>>> print(open('protein_22.pdb').read())   # PDB, C-alpha atoms, pLDDT in the B column
MODEL        1
ATOM      1  CA  MET K   3       1.008  16.806  -9.987  1.00 39.00           C
ATOM      2  CA  THR K   4      -2.096  17.837  -8.079  1.00 43.00           C
ATOM      3  CA  ASP K   5      -1.876  20.450  -5.334  1.00 46.00           C
ATOM      4  CA  THR K   6      -3.176  18.993  -2.060  1.00 47.00           C
ATOM      5  CA  THR K   7      -3.343  22.234  -0.087  1.00 47.00           C
ATOM      6  CA  GLN K   8      -6.689  23.336   1.311  1.00 49.00           C
ATOM      7  CA  SER K   9      -8.476  25.774  -0.971  1.00 51.00           C
ATOM      8  CA  ALA K  10     -11.283  28.251  -0.408  1.00 49.00           C
ATOM      9  CA  SER K  11     -13.702  25.648  -1.803  1.00 79.00           C
ATOM     10  CA  GLY K  12     -13.114  23.247   1.081  1.00 93.00           C
ATOM     11  CA  PRO K  13     -10.805  20.553   2.363  1.00 96.00           C
ATOM     12  CA  ASN K  14      -8.634  18.578  -0.043  1.00 97.00           C
ATOM     13  CA  GLY K  15      -9.020  14.824  -0.472  1.00 96.00           C
ATOM     14  CA  ARG K  16      -6.648  13.812   2.318  1.00 97.00           C
ATOM     15  CA  GLU K  17      -8.367  16.208   4.736  1.00 96.00           C
ATOM     16  CA  GLN K  18     -11.786  14.808   3.726  1.00 96.00           C
ATOM     17  CA  LEU K  19     -10.637  11.259   4.465  1.00 96.00           C
ATOM     18  CA  GLU K  20      -8.990  12.258   7.759  1.00 96.00           C
ATOM     19  CA  ALA K  21     -12.219  13.985   8.852  1.00 96.00           C
ATOM     20  CA  MET K  22     -14.219  10.888   7.928  1.00 94.00           C
ATOM     21  CA  MET K  23     -11.927   8.702  10.069  1.00 94.00           C
ATOM     22  CA  ALA K  24     -12.029  11.183  12.979  1.00 95.00           C
ATOM     23  CA  ARG K  25     -15.844  11.086  12.936  1.00 94.00           C
ATOM     24  CA  GLY K  26     -15.836   7.290  12.783  1.00 90.00           C
ATOM     25  CA  ASP K  27     -17.767   7.361   9.509  1.00 89.00           C
ATOM     26  CA  ILE K  28     -17.956   4.107   7.592  1.00 87.00           C
ATOM     27  CA  VAL K  29     -19.246   4.266   4.027  1.00 85.00           C
ATOM     28  CA  SER K  30     -22.134   1.955   3.130  1.00 88.00           C
ATOM     29  CA  ILE K  31     -20.033  -0.697   1.383  1.00 92.00           C
ATOM     30  CA  GLY K  32     -17.713  -0.782   4.391  1.00 92.00           C
ATOM     31  CA  ALA K  33     -20.655  -1.299   6.731  1.00 92.00           C
ATOM     32  CA  THR K  34     -22.078  -4.012   4.491  1.00 93.00           C
ATOM     33  CA  LEU K  35     -18.807  -5.931   4.180  1.00 94.00           C
ATOM     34  CA  GLY K  36     -17.326  -5.021   7.568  1.00 93.00           C
ATOM     35  CA  PHE K  37     -14.262  -2.967   6.663  1.00 96.00           C
ATOM     36  CA  ALA K  38     -13.036   0.508   7.565  1.00 96.00           C
ATOM     37  CA  LEU K  39     -10.482   3.112   6.524  1.00 97.00           C
ATOM     38  CA  VAL K  40      -7.760   3.071   9.196  1.00 97.00           C
ATOM     39  CA  GLU K  41      -4.887   5.152   7.795  1.00 97.00           C
ATOM     40  CA  VAL K  42      -4.392   7.875   5.220  1.00 98.00           C
ATOM     41  CA  ARG K  43      -1.417   9.925   4.068  1.00 97.00           C
ATOM     42  CA  ASP K  44      -0.681  11.747   0.821  1.00 98.00           C
ATOM     43  CA  GLY K  45      -0.867   9.043  -1.836  1.00 98.00           C
ATOM     44  CA  PHE K  46      -1.584   6.232   0.651  1.00 98.00           C
ATOM     45  CA  ALA K  47      -4.694   4.654   2.173  1.00 98.00           C
ATOM     46  CA  ALA K  48      -5.240   1.515   4.259  1.00 98.00           C
ATOM     47  CA  PHE K  49      -8.388  -0.439   5.070  1.00 98.00           C
ATOM     48  CA  GLU K  50      -8.745  -3.251   7.590  1.00 98.00           C
ATOM     49  CA  ALA K  51     -11.283  -6.043   7.890  1.00 97.00           C
ATOM     50  CA  THR K  52     -11.790  -9.482   9.362  1.00 97.00           C
ATOM     51  CA  PRO K  53     -13.468 -11.738   6.800  1.00 96.00           C
ATOM     52  CA  SER K  54     -16.101 -14.161   8.047  1.00 94.00           C
ATOM     53  CA  ARG K  55     -18.618 -16.630   6.634  1.00 94.00           C
ATOM     54  CA  HIS K  56     -20.946 -13.798   5.578  1.00 93.00           C
ATOM     55  CA  VAL K  57     -18.595 -13.115   2.612  1.00 95.00           C
ATOM     56  CA  TYR K  58     -18.072 -16.760   1.564  1.00 96.00           C
ATOM     57  CA  ASN K  59     -18.567 -18.043  -1.962  1.00 95.00           C
ATOM     58  CA  PRO K  60     -20.232 -21.413  -2.753  1.00 95.00           C
ATOM     59  CA  ILE K  61     -16.900 -23.307  -2.503  1.00 95.00           C
ATOM     60  CA  GLY K  62     -16.378 -22.351   1.144  1.00 95.00           C
ATOM     61  CA  THR K  63     -13.803 -19.571   0.985  1.00 96.00           C
ATOM     62  CA  VAL K  64     -14.004 -15.777   1.041  1.00 97.00           C
ATOM     63  CA  HIS K  65     -15.420 -14.499  -2.246  1.00 97.00           C
ATOM     64  CA  GLY K  66     -12.879 -12.886  -4.569  1.00 97.00           C
ATOM     65  CA  GLY K  67     -15.124  -9.843  -4.804  1.00 97.00           C
ATOM     66  CA  TYR K  68     -14.450  -9.157  -1.128  1.00 98.00           C
ATOM     67  CA  ALA K  69     -10.709  -8.891  -1.759  1.00 98.00           C
ATOM     68  CA  ALA K  70     -11.356  -6.880  -4.937  1.00 98.00           C
ATOM     69  CA  THR K  71     -13.548  -4.427  -3.025  1.00 98.00           C
ATOM     70  CA  LEU K  72     -10.888  -3.881  -0.359  1.00 98.00           C
ATOM     71  CA  LEU K  73      -8.197  -3.399  -3.018  1.00 98.00           C
ATOM     72  CA  ASP K  74     -10.378  -1.052  -5.102  1.00 98.00           C
ATOM     73  CA  SER K  75     -11.143   0.997  -1.983  1.00 98.00           C
ATOM     74  CA  ALA K  76      -7.449   1.219  -1.066  1.00 98.00           C
ATOM     75  CA  CYS K  77      -6.445   2.288  -4.594  1.00 98.00           C
ATOM     76  CA  GLY K  78      -9.305   4.789  -4.852  1.00 98.00           C
ATOM     77  CA  CYS K  79      -8.730   6.406  -1.477  1.00 98.00           C
ATOM     78  CA  ALA K  80      -4.971   6.590  -2.069  1.00 98.00           C
ATOM     79  CA  VAL K  81      -5.781   8.662  -5.164  1.00 98.00           C
ATOM     80  CA  HIS K  82      -8.502  10.601  -3.292  1.00 98.00           C
ATOM     81  CA  SER K  83      -5.867  11.621  -0.723  1.00 98.00           C
ATOM     82  CA  ARG K  84      -3.976  13.488  -3.449  1.00 98.00           C
ATOM     83  CA  LEU K  85      -6.935  15.351  -4.966  1.00 98.00           C
ATOM     84  CA  SER K  86      -7.938  18.969  -4.483  1.00 96.00           C
ATOM     85  CA  ALA K  87     -11.311  19.992  -3.085  1.00 96.00           C
ATOM     86  CA  SER K  88     -12.595  20.513  -6.631  1.00 96.00           C
ATOM     87  CA  GLN K  89     -11.693  17.024  -7.862  1.00 97.00           C
ATOM     88  CA  SER K  90     -13.219  13.586  -7.699  1.00 96.00           C
ATOM     89  CA  TYR K  91     -12.390  10.212  -9.276  1.00 97.00           C
ATOM     90  CA  THR K  92     -13.849   6.988 -10.547  1.00 98.00           C
ATOM     91  CA  THR K  93     -12.240   3.621 -11.203  1.00 98.00           C
ATOM     92  CA  LEU K  94     -11.783   2.855 -14.896  1.00 98.00           C
ATOM     93  CA  GLU K  95      -9.994  -0.458 -14.512  1.00 98.00           C
ATOM     94  CA  LEU K  96      -9.039  -2.808 -11.688  1.00 98.00           C
ATOM     95  CA  LYS K  97      -6.796  -5.823 -12.228  1.00 98.00           C
ATOM     96  CA  VAL K  98      -6.684  -8.239  -9.309  1.00 98.00           C
ATOM     97  CA  ALA K  99      -4.327 -11.161  -8.749  1.00 98.00           C
ATOM     98  CA  TYR K 100      -5.353 -13.716  -6.116  1.00 98.00           C
ATOM     99  CA  HIS K 101      -2.357 -15.254  -4.341  1.00 98.00           C
ATOM    100  CA  LYS K 102      -3.955 -17.222  -1.488  1.00 97.00           C
ATOM    101  CA  ALA K 103      -7.508 -18.093  -0.442  1.00 97.00           C
ATOM    102  CA  MET K 104      -9.003 -16.394   2.625  1.00 98.00           C
ATOM    103  CA  THR K 105     -11.369 -18.068   5.080  1.00 96.00           C
ATOM    104  CA  GLY K 106     -13.046 -17.123   8.336  1.00 93.00           C
ATOM    105  CA  LYS K 107      -9.843 -18.285  10.056  1.00 96.00           C
ATOM    106  CA  THR K 108      -7.619 -15.791   8.186  1.00 97.00           C
ATOM    107  CA  GLY K 109      -8.156 -13.092  10.803  1.00 97.00           C
ATOM    108  CA  LEU K 110      -7.508  -9.400  10.311  1.00 98.00           C
ATOM    109  CA  VAL K 111      -6.417  -8.337   6.822  1.00 98.00           C
ATOM    110  CA  ARG K 112      -5.111  -4.982   5.656  1.00 98.00           C
ATOM    111  CA  ALA K 113      -5.398  -3.505   2.169  1.00 98.00           C
ATOM    112  CA  GLU K 114      -2.767  -0.838   1.516  1.00 98.00           C
ATOM    113  CA  GLY K 115      -3.049   1.347  -1.573  1.00 98.00           C
ATOM    114  CA  ARG K 116      -0.418   3.657  -3.059  1.00 98.00           C
ATOM    115  CA  VAL K 117      -0.489   6.156  -5.894  1.00 98.00           C
ATOM    116  CA  ILE K 118       1.970   5.260  -8.642  1.00 98.00           C
ATOM    117  CA  THR K 119       1.341   8.352 -10.798  1.00 98.00           C
ATOM    118  CA  LEU K 120      -1.239  11.115 -10.774  1.00 98.00           C
ATOM    119  CA  GLY K 121      -1.927  13.293 -13.781  1.00 97.00           C
ATOM    120  CA  ARG K 122      -4.557  15.884 -14.663  1.00 95.00           C
ATOM    121  CA  ARG K 123      -7.037  13.282 -15.976  1.00 97.00           C
ATOM    122  CA  ALA K 124      -5.715   9.859 -15.026  1.00 98.00           C
ATOM    123  CA  ALA K 125      -4.236   8.233 -11.953  1.00 98.00           C
ATOM    124  CA  PHE K 126      -2.547   4.877 -11.489  1.00 98.00           C
ATOM    125  CA  ALA K 127      -2.468   3.066  -8.152  1.00 98.00           C
ATOM    126  CA  GLU K 128      -1.532  -0.320  -6.716  1.00 98.00           C
ATOM    127  CA  ALA K 129      -2.603  -2.179  -3.599  1.00 99.00           C
ATOM    128  CA  THR K 130      -1.830  -5.301  -1.584  1.00 98.00           C
ATOM    129  CA  LEU K 131      -3.993  -7.329   0.784  1.00 98.00           C
ATOM    130  CA  LYS K 132      -2.067  -9.035   3.599  1.00 98.00           C
ATOM    131  CA  ASP K 133      -2.775 -10.636   6.960  1.00 98.00           C
ATOM    132  CA  THR K 134      -1.068  -9.638  10.218  1.00 98.00           C
ATOM    133  CA  ALA K 135       1.784 -12.106   9.553  1.00 98.00           C
ATOM    134  CA  GLY K 136       2.491 -10.390   6.228  1.00 98.00           C
ATOM    135  CA  ARG K 137       1.100 -13.195   4.013  1.00 98.00           C
ATOM    136  CA  LEU K 138      -0.087 -11.838   0.671  1.00 98.00           C
ATOM    137  CA  TYR K 139      -3.655 -12.801  -0.275  1.00 98.00           C
ATOM    138  CA  ALA K 140      -4.264 -10.524  -3.263  1.00 98.00           C
ATOM    139  CA  SER K 141      -2.775  -7.583  -5.130  1.00 98.00           C
ATOM    140  CA  ALA K 142      -4.160  -5.110  -7.630  1.00 98.00           C
ATOM    141  CA  THR K 143      -3.369  -2.328 -10.041  1.00 98.00           C
ATOM    142  CA  SER K 144      -5.912   0.324 -10.907  1.00 98.00           C
ATOM    143  CA  THR K 145      -6.470   3.057 -13.449  1.00 98.00           C
ATOM    144  CA  LEU K 146      -8.689   5.902 -12.269  1.00 98.00           C
ATOM    145  CA  LEU K 147     -10.255   8.871 -14.037  1.00 98.00           C
ATOM    146  CA  VAL K 148      -9.718  12.206 -12.297  1.00 98.00           C
ATOM    147  CA  ILE K 149     -12.799  14.437 -12.607  1.00 97.00           C
ATOM    148  CA  GLU K 150     -13.205  18.165 -12.041  1.00 94.00           C
ATOM    149  CA  ARG K 151     -16.454  18.728 -10.125  1.00 87.00           C
TER     150      ARG K 151
ENDMDL
END
>>> encode(input="protein_22.pdb", output="structure tokens")
Amino acid sequence: MTDTTQSASGPNGREQLEAMMARGDIVSIGATLGFALVEVRDGFAAFEATPSRHVYNPIGTVHGGYAATLLDSACGCAVHSRLSASQSYTTLELKVAYHKAMTGKTGLVRAEGRVITLGRRAAFAEATLKDTAGRLYASATSTLLVIER
């Protein structure tokens, strides 16, 4: 298990994410696709977005990559929230299951990620993408590499 207390080298992962939210920072991919980190706890992260036509695929629905990006972000930040100031991560594998198509009429969606296990070198997380009525649009599992900086 990783210690999430603040060290002399700076804030831990959860504190970094909380500071980012407090400042209203949105990372580049979030600005591009219109989503933002809205909640973080130890081992948990949530992103919200409202899909629109700007993320449609050629068949007239929201592109699967949009859902995958939200799920990957939720899994990654859930893991990030458990890391020390000297650690980082990268996604090794993301498996996405699509349960229901999204459109511009779907409205607000929320991707919630949770850490399943966290070791010295590998982390496993899962995430769901649901609308405000609780309908499941996509789910994912992820394997992440934990890196000492």
>>> resolve_selection(input="protein_22.pdb", expression="the PyMOL selection byres ((chain K and resi 141) around 12)", output="mmCIF file with C-alpha atoms, in the frame of the given file")
data_model
loop_
_atom_site.group_PDB
_atom_site.id
_atom_site.type_symbol
_atom_site.label_atom_id
_atom_site.label_comp_id
_atom_site.auth_asym_id
_atom_site.auth_seq_id
_atom_site.Cartn_x
_atom_site.Cartn_y
_atom_site.Cartn_z
ATOM 1 C CA GLY K 66 -12.879 -12.886 -4.569
ATOM 2 C CA ALA K 69 -10.709 -8.891 -1.759
ATOM 3 C CA ALA K 70 -11.356 -6.880 -4.937
ATOM 4 C CA THR K 71 -13.548 -4.427 -3.025
ATOM 5 C CA LEU K 72 -10.888 -3.881 -0.359
ATOM 6 C CA LEU K 73 -8.197 -3.399 -3.018
ATOM 7 C CA ASP K 74 -10.378 -1.052 -5.102
ATOM 8 C CA ALA K 76 -7.449 1.219 -1.066
ATOM 9 C CA CYS K 77 -6.445 2.288 -4.594
ATOM 10 C CA LEU K 96 -9.039 -2.808 -11.688
ATOM 11 C CA LYS K 97 -6.796 -5.823 -12.228
ATOM 12 C CA VAL K 98 -6.684 -8.239 -9.309
ATOM 13 C CA ALA K 99 -4.327 -11.161 -8.749
ATOM 14 C CA TYR K 100 -5.353 -13.716 -6.116
ATOM 15 C CA HIS K 101 -2.357 -15.254 -4.341
ATOM 16 C CA LYS K 102 -3.955 -17.222 -1.488
ATOM 17 C CA ARG K 112 -5.111 -4.982 5.656
ATOM 18 C CA ALA K 113 -5.398 -3.505 2.169
ATOM 19 C CA GLU K 114 -2.767 -0.838 1.516
ATOM 20 C CA GLY K 115 -3.049 1.347 -1.573
ATOM 21 C CA ARG K 116 -0.418 3.657 -3.059
ATOM 22 C CA ALA K 127 -2.468 3.066 -8.152
ATOM 23 C CA GLU K 128 -1.532 -0.320 -6.716
ATOM 24 C CA ALA K 129 -2.603 -2.179 -3.599
ATOM 25 C CA THR K 130 -1.830 -5.301 -1.584
ATOM 26 C CA LEU K 131 -3.993 -7.329 0.784
ATOM 27 C CA LYS K 132 -2.067 -9.035 3.599
ATOM 28 C CA ARG K 137 1.100 -13.195 4.013
ATOM 29 C CA LEU K 138 -0.087 -11.838 0.671
ATOM 30 C CA TYR K 139 -3.655 -12.801 -0.275
ATOM 31 C CA ALA K 140 -4.264 -10.524 -3.263
ATOM 32 C CA ALA K 142 -4.160 -5.110 -7.630
ATOM 33 C CA THR K 143 -3.369 -2.328 -10.041
ATOM 34 C CA SER K 144 -5.912 0.324 -10.907
#
>>> resolve_selection(input="protein_22.pdb", expression="the PyMOL selection byres ((chain K and resi 38-44) around 8)", output="PDB file with C-alpha atoms, in the coordinates of the input")
ATOM      1  CA  ARG K  16      -6.648  13.812   2.318  1.00 97.00           C
ATOM      2  CA  LEU K  19     -10.637  11.259   4.465  1.00 96.00           C
ATOM      3  CA  GLU K  20      -8.990  12.258   7.759  1.00 96.00           C
ATOM      4  CA  MET K  23     -11.927   8.702  10.069  1.00 94.00           C
ATOM      5  CA  ILE K  28     -17.956   4.107   7.592  1.00 87.00           C
ATOM      6  CA  GLY K  32     -17.713  -0.782   4.391  1.00 92.00           C
ATOM      7  CA  ALA K  33     -20.655  -1.299   6.731  1.00 92.00           C
ATOM      8  CA  GLY K  36     -17.326  -5.021   7.568  1.00 93.00           C
ATOM      9  CA  PHE K  37     -14.262  -2.967   6.663  1.00 96.00           C
ATOM     10  CA  GLY K  45      -0.867   9.043  -1.836  1.00 98.00           C
ATOM     11  CA  PHE K  46      -1.584   6.232   0.651  1.00 98.00           C
ATOM     12  CA  ALA K  47      -4.694   4.654   2.173  1.00 98.00           C
ATOM     13  CA  ALA K  48      -5.240   1.515   4.259  1.00 98.00           C
ATOM     14  CA  PHE K  49      -8.388  -0.439   5.070  1.00 98.00           C
ATOM     15  CA  GLU K  50      -8.745  -3.251   7.590  1.00 98.00           C
ATOM     16  CA  ALA K  51     -11.283  -6.043   7.890  1.00 97.00           C
ATOM     17  CA  ALA K  80      -4.971   6.590  -2.069  1.00 98.00           C
ATOM     18  CA  SER K  83      -5.867  11.621  -0.723  1.00 98.00           C
ATOM     19  CA  ARG K  84      -3.976  13.488  -3.449  1.00 98.00           C
TER      20      ARG K  84
END
>>> atom_distance(input="protein_22.pdb", atom1="atom CA of Ala103 of chain K", atom2="atom CA of Thr34 of chain K")
20.9 Å
>>> closest_residue(input="protein_22.pdb", among="K:Gly26, K:Gly12, K:Gly62, K:Gly78", to="Val148 of chain K", atoms="all atoms listed in the file")
K:Gly78
>>> closest_residue(input="protein_22.pdb", among="K:Ile31, K:Val57, K:Val111, K:Met22", to="Asp133 of chain K", atoms="all atoms listed in the file")
K:Val111
>>> atom_distance(input="protein_22.pdb", atom1="atom CA of His82 of chain K", atom2="atom CA of Asn14 of chain K")
8.6 Å
>>> closest_residue(input="protein_22.pdb", among="K:Ala135, K:Glu95, K:Lys107, K:Val81", to="Thr119 of chain K", atoms="all atoms listed in the file")
K:Val81
>>> atom_distance(input="protein_22.pdb", atom1="atom CA of Glu17 of chain K", atom2="atom CA of Cys79 of chain K")
11.6 Å
